[in-house]
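Shown here: target.txt, compact mmCIF, C-alpha atoms and all ligand atoms.
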# COMPACT_ATOMS: atom_id res chain seq x y z
CA MET A 1 -77.05 -39.86 -49.18
CA SER A 2 -76.09 -36.27 -48.45
CA THR A 3 -72.58 -35.73 -47.13
CA SER A 4 -73.87 -34.23 -43.89
CA GLU A 5 -75.98 -37.24 -42.95
CA PRO A 6 -74.54 -39.52 -40.34
CA ALA A 7 -73.31 -42.77 -41.84
CA ALA A 8 -73.27 -46.17 -40.15
CA GLY A 9 -71.82 -45.81 -36.71
CA GLY A 10 -72.65 -42.13 -36.48
CA ILE A 11 -69.66 -40.95 -38.50
CA SER A 12 -70.59 -38.41 -41.16
CA ASP A 13 -69.25 -38.77 -44.68
CA GLN A 14 -67.32 -35.59 -44.13
CA ASP A 15 -65.54 -37.12 -41.14
CA ARG A 16 -64.61 -40.14 -43.28
CA THR A 17 -62.29 -38.19 -45.49
CA ILE A 18 -60.80 -35.34 -43.49
CA PRO A 19 -58.90 -34.92 -40.47
CA ASP A 20 -58.19 -38.61 -40.00
CA ASP A 21 -55.77 -39.05 -42.86
CA ALA A 22 -52.61 -37.83 -41.13
CA GLU A 23 -53.58 -39.49 -37.85
CA PHE A 24 -54.28 -42.80 -39.55
CA GLU A 25 -51.06 -42.62 -41.55
CA ARG A 26 -49.23 -42.34 -38.25
CA LEU A 27 -51.26 -45.10 -36.61
CA LEU A 28 -50.67 -47.40 -39.58
CA ALA A 29 -46.92 -46.84 -39.33
CA VAL A 30 -46.99 -47.55 -35.59
CA ALA A 31 -49.15 -50.67 -36.06
CA ARG A 32 -46.86 -52.04 -38.80
CA GLU A 33 -43.81 -51.42 -36.68
CA ILE A 34 -45.18 -53.08 -33.54
CA ALA A 35 -46.41 -56.06 -35.62
CA GLU A 36 -42.74 -56.84 -36.23
CA ARG A 37 -42.43 -57.71 -32.54
CA ALA A 38 -45.36 -60.14 -32.54
CA TYR A 39 -44.74 -63.64 -31.16
CA THR A 40 -46.40 -65.89 -33.71
CA PRO A 41 -44.61 -69.24 -33.94
CA TYR A 42 -47.91 -71.05 -34.70
CA SER A 43 -49.93 -68.92 -37.11
CA HIS A 44 -47.03 -66.79 -38.39
CA PHE A 45 -49.71 -64.10 -38.71
CA ARG A 46 -48.32 -60.94 -37.16
CA VAL A 47 -50.82 -58.35 -36.01
CA GLY A 48 -50.15 -54.81 -34.84
CA ALA A 49 -52.79 -52.60 -33.24
CA ALA A 50 -52.54 -48.87 -32.63
CA GLY A 51 -54.90 -46.37 -31.09
CA LEU A 52 -55.07 -42.73 -30.20
CA THR A 53 -56.75 -41.57 -27.01
CA GLU A 54 -58.89 -38.48 -26.52
CA ASP A 55 -56.01 -36.89 -24.61
CA GLY A 56 -53.56 -37.59 -27.44
CA ARG A 57 -51.75 -40.69 -26.15
CA LEU A 58 -50.65 -43.35 -28.58
CA VAL A 59 -51.21 -46.95 -27.47
CA ARG A 60 -50.20 -50.11 -29.31
CA GLY A 61 -49.91 -53.85 -29.05
CA CYS A 62 -48.92 -57.00 -30.94
CA ASN A 63 -50.23 -60.55 -30.77
CA VAL A 64 -48.59 -63.05 -28.45
CA GLU A 65 -49.32 -66.70 -29.22
CA ASN A 66 -49.01 -69.65 -26.89
CA ALA A 67 -48.53 -73.42 -27.18
CA GLY A 68 -51.97 -73.60 -25.60
CA TYR A 69 -53.49 -72.05 -28.73
CA GLY A 70 -56.55 -70.68 -26.95
CA VAL A 71 -54.34 -68.73 -24.57
CA THR A 72 -53.14 -66.48 -27.40
CA LEU A 73 -53.35 -62.76 -26.75
CA CYS A 74 -54.56 -60.66 -29.66
CA ALA A 75 -52.73 -57.46 -30.47
CA GLU A 76 -55.70 -55.49 -29.17
CA CYS A 77 -55.35 -57.11 -25.73
CA GLY A 78 -51.84 -55.69 -25.42
CA MET A 79 -53.01 -52.33 -26.66
CA ILE A 80 -55.89 -52.13 -24.18
CA SER A 81 -53.54 -53.16 -21.37
CA GLU A 82 -51.24 -50.32 -22.32
CA LEU A 83 -54.22 -47.95 -22.39
CA ILE A 84 -55.27 -48.86 -18.85
CA ALA A 85 -51.73 -49.10 -17.46
CA GLY A 86 -51.01 -45.67 -18.90
CA GLY A 87 -53.89 -44.01 -17.07
CA GLY A 88 -57.01 -45.13 -18.94
CA GLY A 89 -59.06 -42.88 -21.13
CA ARG A 90 -61.03 -43.44 -24.30
CA LEU A 91 -59.98 -44.27 -27.82
CA ARG A 92 -60.84 -41.93 -30.66
CA ARG A 93 -58.88 -43.63 -33.47
CA PHE A 94 -57.96 -47.28 -33.98
CA VAL A 95 -56.40 -49.47 -36.63
CA CYS A 96 -54.91 -52.95 -36.79
CA VAL A 97 -52.83 -54.51 -39.52
CA GLY A 98 -51.95 -58.14 -40.09
CA GLY A 99 -50.10 -60.50 -42.36
CA ASP A 100 -47.90 -63.53 -42.33
CA GLU A 101 -44.16 -63.47 -42.09
CA GLN A 102 -43.73 -63.49 -45.87
CA LEU A 103 -45.11 -59.98 -45.93
CA ARG A 104 -42.81 -57.05 -45.38
CA ARG A 105 -43.83 -54.48 -42.78
CA GLU A 106 -45.04 -51.89 -45.27
CA GLU A 107 -47.22 -54.46 -47.05
CA ARG A 108 -49.21 -55.56 -44.01
CA GLY A 109 -52.79 -54.62 -44.71
CA VAL A 110 -55.59 -53.34 -42.52
CA VAL A 111 -57.56 -56.17 -40.91
CA MET A 112 -60.75 -56.19 -38.88
CA PRO A 113 -60.43 -56.84 -35.16
CA CYS A 114 -61.88 -60.22 -34.21
CA GLY A 115 -65.24 -60.33 -32.46
CA ARG A 116 -63.79 -60.55 -28.99
CA CYS A 117 -61.55 -57.57 -29.65
CA ARG A 118 -64.46 -55.52 -30.99
CA GLN A 119 -66.03 -56.05 -27.57
CA LEU A 120 -62.79 -54.93 -25.89
CA LEU A 121 -62.67 -51.80 -28.06
CA SER A 122 -66.31 -51.04 -27.38
CA GLU A 123 -65.73 -50.79 -23.63
CA HIS A 124 -63.02 -48.15 -24.10
CA ALA A 125 -64.32 -46.30 -27.14
CA ALA A 126 -64.91 -42.56 -27.22
CA PRO A 127 -68.36 -41.75 -28.65
CA ASP A 128 -66.69 -40.58 -31.85
CA LEU A 129 -64.20 -43.45 -32.19
CA VAL A 130 -63.24 -44.05 -35.81
CA ILE A 131 -61.92 -47.50 -36.74
CA LEU A 132 -60.03 -47.85 -39.99
CA THR A 133 -61.37 -50.99 -41.68
CA PRO A 134 -60.54 -52.62 -45.03
CA GLU A 135 -63.68 -50.88 -46.31
CA GLY A 136 -62.72 -47.49 -44.89
CA PRO A 137 -63.32 -45.61 -41.65
CA ARG A 138 -66.27 -46.82 -39.56
CA GLY A 139 -67.80 -46.03 -36.19
CA MET A 140 -68.02 -48.52 -33.34
CA ASP A 141 -71.74 -49.14 -33.96
CA ALA A 142 -70.96 -50.25 -37.50
CA VAL A 143 -68.45 -52.89 -36.43
CA LEU A 144 -70.31 -54.06 -33.30
CA PRO A 145 -74.01 -53.24 -33.60
CA GLN A 146 -76.13 -53.33 -30.47
CA ALA A 147 -73.08 -53.99 -28.33
CA PHE A 148 -73.48 -55.41 -24.87
CA GLY A 149 -71.91 -52.87 -22.54
CA PRO A 150 -71.59 -51.49 -19.02
CA ALA A 151 -75.10 -50.02 -19.13
CA ASP A 152 -76.58 -53.50 -19.50
CA LEU A 153 -75.18 -54.44 -16.08
CA LEU A 154 -76.89 -51.57 -14.26
CA PRO A 155 -79.93 -52.52 -12.21
N1 LIG B 201 -55.28 -61.76 -34.03
C1 LIG B 201 -55.12 -60.55 -33.41
O1 LIG B 201 -54.07 -60.28 -32.83
N2 LIG B 201 -56.14 -59.68 -33.44
C2 LIG B 201 -57.32 -59.89 -34.09
O2 LIG B 201 -58.23 -59.07 -33.98
C3 LIG B 201 -57.46 -61.07 -34.96
C4 LIG B 201 -56.51 -62.15 -34.70
C5 LIG B 201 -54.19 -62.74 -33.99
C6 LIG B 201 -54.42 -63.90 -33.07
C7 LIG B 201 -53.51 -64.95 -33.66
O3 LIG B 201 -52.22 -64.79 -33.07
C8 LIG B 201 -53.42 -64.59 -35.13
O4 LIG B 201 -53.95 -63.28 -35.27
C9 LIG B 201 -54.19 -65.53 -36.03
O5 LIG B 201 -55.49 -65.67 -35.61

Could you render the structure as C-alpha cells?
Ligand code: THU
Amino acid sequence: MSTSEPAAGGISDQDRTIPDDAEFERLLAVAREIAERAYTPYSHFRVGAAGLTEDGRLVRGCNVENAGYGVTLCAECGMISELIAGGGGRLRRFVCVGGDEQLRREERGVVMPCGRCRQLLSEHAAPDLVILTPEGPRGMDAVLPQAFGPADLLP
C-alpha cells in the first residue's frame, strides 16, 4: 500500500508516524500517572486514560471499582465526564494504559478500550481522532467499525 493511501479508520500511513509522537508521549505519561490513582480493590488492574481535544485541552480518568462489580466505572468514563464538565469538544488523540499493581507506573502498557468505552469515545471523537493501540495508531472506524451513533437516531 502506498504511504499516501488512507489506512483503516481513515488515517494515512504518514499520519501514523509523524506528528503524534510527542503528543502521545505526553498522553502516555499522563495516563500512567492518573492510573496510580485508580480505585481497584477487586481486579487490582489499574487503568489510566488520557485524551487531547481539538482545542488543546488534556482530559484524563482512572477506573473506579465497586463492591457491586457491574457498577465499576472504566477510566474512559471519568475521562469523558471531565471532557463534558470542562466544556465539551471533540477528541483528536486518545490512549489508555493498564496493568496490575505489581507493575510500576512506567511499565503499564497500552491497552484497548473495552467495547462499551469504544462506543463512548465514538460519540465524542473528532473525525481525525487517532487512538494509540497495542498495534499502533488507529482511527475510530478501525476500533469500532460501523458504529451506532447520533445519526442513527435521526428520523
Ligand atoms: N477497565 C477500564 O478502566 N477501561 C477499559 O477500557 C477496560 C477495563 C477497567 C475496569 C476494571 O476496573 C478493570 O479494568 C478490569 O476489567

Give me the chain A side of the contact with ligand LIG 201 (chain B), cut-off 8 Å, one line per residue showing its nearest atom pair and distance in Å at one decimal, counting all atoms listed in the file, sorted by chain and residue number, as CSV.
residue,atom,partner,partner_atom,distance
A:Tyr39,CA,B:LIG201,O3,7.8
A:Thr40,CA,B:LIG201,O3,6.0
A:Tyr42,CA,B:LIG201,O3,7.8
A:Ser43,CA,B:LIG201,C9,5.6
A:His44,CA,B:LIG201,C8,7.5
A:Phe45,CA,B:LIG201,C8,5.2
A:Arg46,CA,B:LIG201,O4,6.4
A:Val47,CA,B:LIG201,O1,4.9
A:Gly48,CA,B:LIG201,O1,7.0
A:Ala49,CA,B:LIG201,O1,7.8
A:Cys62,CA,B:LIG201,O1,6.4
A:Asn63,CA,B:LIG201,O1,4.4
A:Val64,CA,B:LIG201,O3,6.1
A:Glu65,CA,B:LIG201,O3,5.2
A:Thr72,CA,B:LIG201,O3,6.0
A:Leu73,CA,B:LIG201,C6,6.5
A:Cys74,CA,B:LIG201,O1,3.2
A:Ala75,CA,B:LIG201,O1,3.9
A:Glu76,CA,B:LIG201,N2,6.0
A:Cys77,CA,B:LIG201,O1,7.9
A:Cys96,CA,B:LIG201,O2,7.5
A:Gly98,CA,B:LIG201,O4,7.3
A:Val111,CA,B:LIG201,O2,7.5
A:Met112,CA,B:LIG201,O2,6.2
A:Pro113,CA,B:LIG201,O2,3.3
A:Cys114,CA,B:LIG201,O2,3.8
A:Gly115,CA,B:LIG201,O2,7.3
A:Arg116,CA,B:LIG201,O2,7.6
A:Cys117,CA,B:LIG201,O2,5.7
A:Arg118,CA,B:LIG201,O2,7.8

Check: Which residue, A:Ala151, A:Glu107, A:Asn66, A:Arg57, has the smallest gap to Gly86 in chain A when you use all atoms listed in the file?
Finding: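 The answer is A:Arg57, which sits nearest to Gly86 in chain A.
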
Next item on the list: May I ask which of the residues A:Glu101, A:Glu106, A:Asp55, A:Glu123 is the closest one to Arg32 in chain A, counting only C-alpha atoms?
Entry: A:Glu106

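Using all atoms listed in the file, the nearest neighbour of Phe94 in chain A within the list A:Ala22, A:Val130, A:Ala147, A:Leu154 is A:Val130.
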
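Near Arg105 in chain A, within a cut-off of 8 Å and counting only C-alpha atoms, sit the residues Arg32, Glu33, Ala35 and Glu36 of chain A, with same-chain residues fewer than 4 positions away left out.
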
Checklist line | Computed interatomic separation between CA of Gly89 in chain A and CA of Leu153 in chain A (Å) | finding: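 According to the coordinates, CA of Gly89 in chain A and CA of Leu153 in chain A are separated by 20.5 Å.
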
Checklist line | Residue with smallest distance to Val97 in chain A - pool A:Ile84, A:Val59, A:Leu132, A:Leu52, counting all atoms listed in the file | finding: A:Leu132

Margin query: Nearest residue to Arg92 in chain A out of A:Gly70, A:Pro41, A:Gly78, A:Gly51, using only C-alpha atoms?
Written below: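 Looking at the shortest contact to Arg92 in chain A, the residue is A:Gly51.
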
Next item on the list: Check the smallest atom-to-atom distance from each of A:Leu120, A:Met79, A:Ala67, A:Ile131 to Ile34 in chain A using all atoms listed in the file, then report the winner.
Entry: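 Distance minimum relative to Ile34 in chain A lands on A:Met79.
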
Notebook entry, point to check: Suppose you want the space between CA of Ile80 in chain A and CA of Gly139 in chain A; what is it in Å?
Noted result: 18.0 Å

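CA of Gly136 in chain A is positioned 11.1 Å from CA of Asp21 in chain A.
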
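Selecting by distance to (-56.5, -37.2, -32.7) with a limit of 8 Å and using all atoms listed in the file, one obtains Asp20, Glu23, Leu52, Thr53, Glu54, Gly56, Arg92 and Arg93 of chain A.
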
Next item on the list: Write out as a list in words each polymer residue whose atoms come within 12 Å of Gln146 in chain A, counting only C-alpha atoms; drop sequence neighbours fewer than 6 positions from it.
Entry: Gly9, Arg118, Gln119, Ser122, Met140 and Asp152 of chain A

Take the residues from that selection and write them out as a PDB file, in the coordinates of the input, keeping C-alpha atoms.
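Result written to selection04.pdb:
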ATOM      1  CA  GLY A   9     -71.820 -45.810 -36.710  1.00  0.00           C
ATOM      2  CA  ARG A 118     -64.460 -55.520 -30.990  1.00  0.00           C
ATOM      3  CA  GLN A 119     -66.030 -56.050 -27.570  1.00  0.00           C
ATOM      4  CA  SER A 122     -66.310 -51.040 -27.380  1.00  0.00           C
ATOM      5  CA  MET A 140     -68.020 -48.520 -33.340  1.00  0.00           C
ATOM      6  CA  ASP A 152     -76.580 -53.500 -19.500  1.00  0.00           C
TER       7      ASP A 152
END
